[in-house]
Structures are given as structure tokens and as C-alpha cells.
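Below: upload10.cif (mmCIF, C-alpha atoms, pLDDT in the B column; chains and numbers go by the auth columns)
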data_query
loop_
_atom_site.group_PDB
_atom_site.id
_atom_site.type_symbol
_atom_site.label_atom_id
_atom_site.label_comp_id
_atom_site.label_asym_id
_atom_site.label_seq_id
_atom_site.Cartn_x
_atom_site.Cartn_y
_atom_site.Cartn_z
_atom_site.B_iso_or_equiv
_atom_site.auth_seq_id
_atom_site.auth_asym_id
ATOM 1 C CA MET A 1 -19.499 17.330 -84.526 40.00 1 M
ATOM 2 C CA ALA A 2 -18.617 20.344 -82.350 36.00 2 M
ATOM 3 C CA ALA A 3 -17.504 22.274 -85.433 37.00 3 M
ATOM 4 C CA VAL A 4 -20.858 21.574 -87.092 33.00 4 M
ATOM 5 C CA LEU A 5 -22.760 22.804 -84.020 30.00 5 M
ATOM 6 C CA ILE A 6 -20.596 25.921 -83.836 34.00 6 M
ATOM 7 C CA LEU A 7 -21.154 26.638 -87.519 33.00 7 M
ATOM 8 C CA ALA A 8 -24.903 26.071 -87.212 31.00 8 M
ATOM 9 C CA SER A 9 -25.112 28.445 -84.238 32.00 9 M
ATOM 10 C CA LEU A 10 -23.208 31.091 -86.130 34.00 10 M
ATOM 11 C CA MET A 11 -25.441 30.717 -89.181 34.00 11 M
ATOM 12 C CA VAL A 12 -28.613 31.127 -87.100 29.00 12 M
ATOM 13 C CA ALA A 13 -27.194 34.193 -85.323 34.00 13 M
ATOM 14 C CA ALA A 14 -26.090 35.702 -88.624 38.00 14 M
ATOM 15 C CA ALA A 15 -29.536 35.203 -90.155 33.00 15 M
ATOM 16 C CA VAL A 16 -31.251 36.914 -87.223 30.00 16 M
ATOM 17 C CA LEU A 17 -28.782 39.784 -87.195 38.00 17 M
ATOM 18 C CA SER A 18 -28.953 40.228 -90.948 39.00 18 M
ATOM 19 C CA SER A 19 -32.726 40.646 -90.866 34.00 19 M
ATOM 20 C CA GLU A 20 -32.485 43.202 -88.037 41.00 20 M
ATOM 21 C CA ARG A 21 -29.666 45.092 -89.710 43.00 21 M
ATOM 22 C CA ALA A 22 -31.464 45.278 -93.024 38.00 22 M
ATOM 23 C CA ALA A 23 -34.368 47.021 -91.321 37.00 23 M
ATOM 24 C CA ASP A 24 -32.477 50.089 -90.125 45.00 24 M
ATOM 25 C CA ASP A 25 -28.761 49.910 -90.932 52.00 25 M
ATOM 26 C CA GLY A 26 -27.488 49.607 -87.369 54.00 26 M
ATOM 27 C CA ALA A 27 -29.886 51.759 -85.369 53.00 27 M
ATOM 28 C CA TRP A 28 -31.165 48.590 -83.666 50.00 28 M
ATOM 29 C CA LEU A 29 -27.912 48.402 -81.675 58.00 29 M
ATOM 30 C CA ASP A 30 -28.876 51.176 -79.276 53.00 30 M
ATOM 31 C CA ARG A 31 -32.652 51.345 -79.576 56.00 31 M
ATOM 32 C CA GLY A 32 -34.600 51.359 -76.336 51.00 32 M
ATOM 33 C CA HIS A 33 -31.728 51.006 -73.903 56.00 33 M
ATOM 34 C CA GLY A 34 -31.740 54.509 -72.423 65.00 34 M
ATOM 35 C CA GLN A 35 -27.962 54.567 -72.472 82.00 35 M
ATOM 36 C CA THR A 36 -25.418 55.793 -74.943 94.00 36 M
ATOM 37 C CA THR A 37 -23.995 52.748 -76.723 96.00 37 M
ATOM 38 C CA VAL A 38 -20.355 52.134 -77.592 97.00 38 M
ATOM 39 C CA LEU A 39 -19.695 49.527 -80.279 95.00 39 M
ATOM 40 C CA MET A 40 -16.054 48.478 -80.532 95.00 40 M
ATOM 41 C CA VAL A 41 -14.948 46.732 -83.728 95.00 41 M
ATOM 42 C CA LEU A 42 -12.174 44.261 -82.922 95.00 42 M
ATOM 43 C CA SER A 43 -9.615 42.473 -85.055 93.00 43 M
ATOM 44 C CA PRO A 44 -6.776 40.079 -84.224 92.00 44 M
ATOM 45 C CA ARG A 45 -4.725 41.941 -86.838 91.00 45 M
ATOM 46 C CA MET A 46 -4.138 44.688 -84.271 88.00 46 M
ATOM 47 C CA VAL A 47 -2.653 42.753 -81.373 77.00 47 M
ATOM 48 C CA TYR A 48 -3.619 45.236 -78.654 86.00 48 M
ATOM 49 C CA ALA A 49 -7.257 45.345 -79.750 88.00 49 M
ATOM 50 C CA LEU A 50 -8.051 41.953 -78.239 91.00 50 M
ATOM 51 C CA ARG A 51 -5.746 42.262 -75.244 91.00 51 M
ATOM 52 C CA GLU A 52 -7.065 45.671 -74.204 93.00 52 M
ATOM 53 C CA TRP A 53 -10.752 45.003 -74.936 93.00 53 M
ATOM 54 C CA PRO A 54 -11.682 43.764 -71.419 95.00 54 M
ATOM 55 C CA ARG A 55 -10.090 46.801 -69.733 96.00 55 M
ATOM 56 C CA MET A 56 -11.613 49.324 -72.137 96.00 56 M
ATOM 57 C CA ARG A 57 -15.020 47.618 -71.951 97.00 57 M
ATOM 58 C CA GLN A 58 -14.947 47.792 -68.160 98.00 58 M
ATOM 59 C CA ALA A 59 -13.889 51.463 -68.090 98.00 59 M
ATOM 60 C CA ALA A 60 -16.738 52.413 -70.453 98.00 60 M
ATOM 61 C CA GLN A 61 -19.280 50.337 -68.509 98.00 61 M
ATOM 62 C CA ASP A 62 -18.123 51.882 -65.230 98.00 62 M
ATOM 63 C CA ALA A 63 -18.711 55.297 -66.833 97.00 63 M
ATOM 64 C CA GLY A 64 -22.326 54.326 -67.603 96.00 64 M
ATOM 65 C CA PHE A 65 -22.088 53.370 -71.268 97.00 65 M
ATOM 66 C CA ARG A 66 -23.708 50.288 -72.767 96.00 66 M
ATOM 67 C CA VAL A 67 -20.792 48.484 -74.420 96.00 67 M
ATOM 68 C CA LEU A 68 -20.934 46.015 -77.299 95.00 68 M
ATOM 69 C CA ALA A 69 -18.257 44.540 -79.491 94.00 69 M
ATOM 70 C CA ALA A 70 -18.196 43.006 -82.932 95.00 70 M
ATOM 71 C CA ARG A 71 -15.489 41.511 -85.043 94.00 71 M
ATOM 72 C CA ASP A 72 -14.097 43.020 -88.208 95.00 72 M
ATOM 73 C CA PRO A 73 -15.985 41.451 -91.152 94.00 73 M
ATOM 74 C CA ARG A 74 -12.802 41.277 -93.238 93.00 74 M
ATOM 75 C CA VAL A 75 -11.227 38.757 -90.860 93.00 75 M
ATOM 76 C CA PRO A 76 -11.959 35.133 -91.793 94.00 76 M
ATOM 77 C CA LEU A 77 -13.361 33.032 -88.971 94.00 77 M
ATOM 78 C CA ALA A 78 -10.286 30.754 -88.811 95.00 78 M
ATOM 79 C CA GLU A 79 -8.038 33.797 -88.385 95.00 79 M
ATOM 80 C CA TRP A 80 -10.393 35.216 -85.730 95.00 80 M
ATOM 81 C CA TRP A 81 -10.300 31.976 -83.737 94.00 81 M
ATOM 82 C CA ALA A 82 -6.495 31.780 -83.975 94.00 82 M
ATOM 83 C CA GLY A 83 -6.245 35.392 -82.795 93.00 83 M
ATOM 84 C CA ILE A 84 -8.520 34.976 -79.798 94.00 84 M
ATOM 85 C CA ARG A 85 -6.691 31.796 -78.809 94.00 85 M
ATOM 86 C CA ALA A 86 -3.356 33.648 -78.970 92.00 86 M
ATOM 87 C CA ALA A 87 -4.798 36.537 -76.938 91.00 87 M
ATOM 88 C CA GLY A 88 -6.237 34.138 -74.348 92.00 88 M
ATOM 89 C CA GLN A 89 -9.800 35.401 -74.945 91.00 89 M
ATOM 90 C CA PRO A 90 -11.861 32.274 -75.741 92.00 90 M
ATOM 91 C CA GLU A 91 -15.064 34.069 -74.659 92.00 91 M
ATOM 92 C CA LEU A 92 -14.833 36.087 -77.899 93.00 92 M
ATOM 93 C CA ALA A 93 -15.204 32.952 -80.085 91.00 93 M
ATOM 94 C CA PHE A 94 -18.805 33.628 -81.065 90.00 94 M
ATOM 95 C CA MET A 95 -18.636 37.387 -81.393 92.00 95 M
ATOM 96 C CA GLU A 96 -20.919 38.807 -84.073 93.00 96 M
ATOM 97 C CA THR A 97 -19.497 40.449 -87.164 93.00 97 M
ATOM 98 C CA VAL A 98 -20.161 44.158 -87.487 93.00 98 M
ATOM 99 C CA ASP A 99 -22.327 45.118 -90.460 93.00 99 M
ATOM 100 C CA GLU A 100 -19.712 45.954 -93.099 93.00 100 M
ATOM 101 C CA HIS A 101 -21.831 48.557 -94.922 93.00 101 M
ATOM 102 C CA MET A 102 -22.502 50.484 -91.710 88.00 102 M
ATOM 103 C CA ALA A 103 -18.886 50.182 -90.527 89.00 103 M
ATOM 104 C CA VAL A 104 -17.515 51.456 -93.841 90.00 104 M
ATOM 105 C CA LYS A 105 -19.975 54.356 -93.858 89.00 105 M
ATOM 106 C CA LEU A 106 -18.889 55.354 -90.345 86.00 106 M
ATOM 107 C CA GLY A 107 -15.155 54.886 -90.971 85.00 107 M
ATOM 108 C CA ALA A 108 -14.794 52.022 -88.500 89.00 108 M
ATOM 109 C CA LEU A 109 -12.736 49.772 -90.760 89.00 109 M
ATOM 110 C CA ASN A 110 -9.787 52.120 -91.271 84.00 110 M
ATOM 111 C CA HIS A 111 -8.163 50.983 -88.013 85.00 111 M
ATOM 112 C CA THR A 112 -8.911 48.551 -85.231 84.00 112 M
ATOM 113 C CA PRO A 113 -9.982 48.794 -82.630 91.00 113 M
ATOM 114 C CA ALA A 114 -12.486 51.383 -83.766 93.00 114 M
ATOM 115 C CA SER A 115 -15.324 52.376 -81.480 95.00 115 M
ATOM 116 C CA LEU A 116 -18.614 53.870 -82.609 94.00 116 M
ATOM 117 C CA VAL A 117 -20.782 55.886 -80.248 95.00 117 M
ATOM 118 C CA ALA A 118 -24.575 55.925 -80.704 94.00 118 M
ATOM 119 C CA ARG A 119 -27.541 57.524 -78.997 91.00 119 M
ATOM 120 C CA CYS A 120 -31.231 57.334 -79.962 87.00 120 M
ATOM 121 C CA GLY A 121 -30.413 55.426 -83.148 85.00 121 M
ATOM 122 C CA GLN A 122 -27.975 58.108 -84.296 89.00 122 M
ATOM 123 C CA TRP A 123 -24.294 57.269 -84.775 91.00 123 M
ATOM 124 C CA HIS A 124 -21.569 59.821 -84.124 92.00 124 M
ATOM 125 C CA PRO A 125 -19.795 60.442 -87.447 91.00 125 M
ATOM 126 C CA TRP A 126 -16.260 60.052 -86.028 91.00 126 M
ATOM 127 C CA PRO A 127 -15.068 56.681 -84.775 93.00 127 M
ATOM 128 C CA VAL A 128 -12.741 56.540 -81.793 95.00 128 M
ATOM 129 C CA LEU A 129 -9.611 54.796 -83.071 93.00 129 M
ATOM 130 C CA GLY A 130 -7.141 52.723 -81.125 92.00 130 M
ATOM 131 C CA VAL A 131 -6.321 51.741 -77.587 93.00 131 M
ATOM 132 C CA MET A 132 -5.881 54.407 -74.928 95.00 132 M
ATOM 133 C CA PRO A 133 -5.656 54.859 -71.160 96.00 133 M
ATOM 134 C CA ASP A 134 -8.957 54.691 -69.248 97.00 134 M
ATOM 135 C CA VAL A 135 -9.200 58.410 -68.418 98.00 135 M
ATOM 136 C CA THR A 136 -8.589 59.432 -72.033 97.00 136 M
ATOM 137 C CA TRP A 137 -10.919 56.730 -73.362 97.00 137 M
ATOM 138 C CA VAL A 138 -13.831 57.762 -71.151 98.00 138 M
ATOM 139 C CA SER A 139 -13.179 61.446 -71.886 98.00 139 M
ATOM 140 C CA VAL A 140 -13.375 60.857 -75.644 97.00 140 M
ATOM 141 C CA LEU A 141 -16.547 58.770 -75.269 97.00 141 M
ATOM 142 C CA ARG A 142 -18.156 61.515 -73.165 97.00 142 M
ATOM 143 C CA ALA A 143 -17.265 64.127 -75.788 96.00 143 M
ATOM 144 C CA ARG A 144 -18.924 62.030 -78.523 95.00 144 M
ATOM 145 C CA GLU A 145 -21.949 61.484 -76.280 95.00 145 M
ATOM 146 C CA ALA A 146 -22.255 65.222 -75.575 94.00 146 M
ATOM 147 C CA GLN A 147 -22.271 65.975 -79.281 92.00 147 M
ATOM 148 C CA LEU A 148 -25.023 63.414 -79.849 91.00 148 M
ATOM 149 C CA LYS A 149 -27.099 64.840 -76.972 85.00 149 M
ATOM 150 C CA GLU A 150 -27.225 68.174 -78.800 75.00 150 M
ATOM 151 C CA ALA A 151 -29.585 66.529 -81.277 69.00 151 M
ATOM 152 C CA ALA A 152 -33.026 65.702 -79.871 61.00 152 M
ATOM 153 C CA CYS A 153 -33.982 62.040 -79.762 71.00 153 M
ATOM 154 C CA PRO A 154 -36.690 61.164 -82.282 63.00 154 M
#
Would you mind giving the structure from this file in C-alpha cells?
Amino acid sequence: MAAVLILASLMVAAAVLSSERAADDGAWLDRGHGQTTVLMVLSPRMVYALREWPRMRQAAQDAGFRVLAARDPRVPLAEWWAGIRAAGQPELAFMETVDEHMAVKLGALNHTPASLVARCGQWHPWPVLGVMPDVTWVSVLRAREAQLKEAACP
């Protein structure tokens, strides 16, 4: 019964997200928040991606970024659940899947973790790949943010 409820919840969430994504190909992720958004694409296929996610999320949030995460759409749900169990991260069980079209277009599926930086509905064209120390991580995010600030918000 629990598996049915989990599956039903996921299907409802996917339907809602699909309709929003179809409208603007990912711009909805950072619309109206007044902060630069960082979207990290996670996969259990890169062991450090899941283990380092909480630390990297916290460092980015402490630096003033709005931080979201999504799972790699190429990872089957059973593999995702096994990976998060092994990493001791059960809170990631119902993580949304990143829009594959958008992620491919932005190069976020070449390596995980891959982080995309967005501001005013505009995505930086270069993903931030991999796990890194906090100071380096925040420095790279700030550099992406500065490049996006050069373009006026619509």
C-alpha cells in the first residue's frame, strides 16, 4: 500500500511539474524569488554527489543563493532509492527529476553533480561540475552570478 501511495504522489508531482516546465523550459525555477538560483542535478552513480550535497547546499544557502536539487532523469527510481539508502539520505526519496531537455541543452548531464545557476529566468550556459571545497564552490557560483547580472532582468 505504501508503494502505491508513493507512486501516486510522484505521478501527481510529475504532472504538475511537467505542465510548468512545458510553459517555459525551466525558467519557472527561479522566477519571482529575488535571489540567484542554483539547481544541482544529483545522481547515485557519482558516490560523492549524494554525500556532499548537504554540505554544498548549506554553503550556497549561507552565501545567499536559493538552492534546489533534482535527480538525474536517466537514473531509474529503484536505483535512485538504493543510492539514497546507501548514502544515508532518505530525505531525498521524493526528489523531482530535472527536465531532461533543459539539462541536456545546458550540459548538466555530462557529469554529476552538475549545478546550474539562474537569474531572472536566464540560465548560465556553463554548468558547475563536481564536488569542491566550500570556498571554491561559492567562488564559482558568485562568478556565474556576476556574469548573469551583466544582462538586465526582463
Atomic separation - CA of Ala86 in chain M relative to CA of Leu68 in chain M, Å: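 CA of Ala86 in chain M lies 21.6 Å from CA of Leu68 in chain M.
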Near range 112-122 of chain M, counting all atoms listed in the file, which residues have an atom at most 7 Å away, once you skip same-chain residues fewer than 3 positions from it, shown as a VMD selection string? chain M and resid 27 to 28 30 to 31 36 to 43 46 49 108 to 109 127 to 131 144 to 145 148 153
Non-local contacts of Gln89 in chain M (9 Å; all atoms listed in the file; under 4 positions in same chain excluded) as a ChimeraX atom specification: /M:50-51,83-85,93
d(CA of Leu92 in chain M, CA of Trp126 in chain M) in Å: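 Taking CA of Leu92 in chain M and CA of Trp126 in chain M, their separation equals 25.3 Å.
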From CA of Ala143 in chain M to CA of Gly64 in chain M the spacing works out at 13.7 Å
Name all residues at most 7 Å from Pro73 in chain M (count all atoms listed in the file; drop same-chain ones fewer than 4 positions away) and give them as a list in words.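 Skipping anything fewer than 4 positions along the chain leaves Thr97, Val98 and Glu100 of chain M.
The nearest approach to Ala60 in chain M among the residues M:Phe94, M:Glu150, M:Lys105, M:Gln35, with only C-alpha atoms taken into account, belongs to M:Gln35.
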From the list M:Leu77, M:Trp137, M:His124, M:Gly107, which residue is nearest Lys149 in chain M when using all atoms listed in the file?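 Between M:Leu77, M:Trp137, M:His124, M:Gly107, the residue approaching Lys149 in chain M most closely is M:His124.
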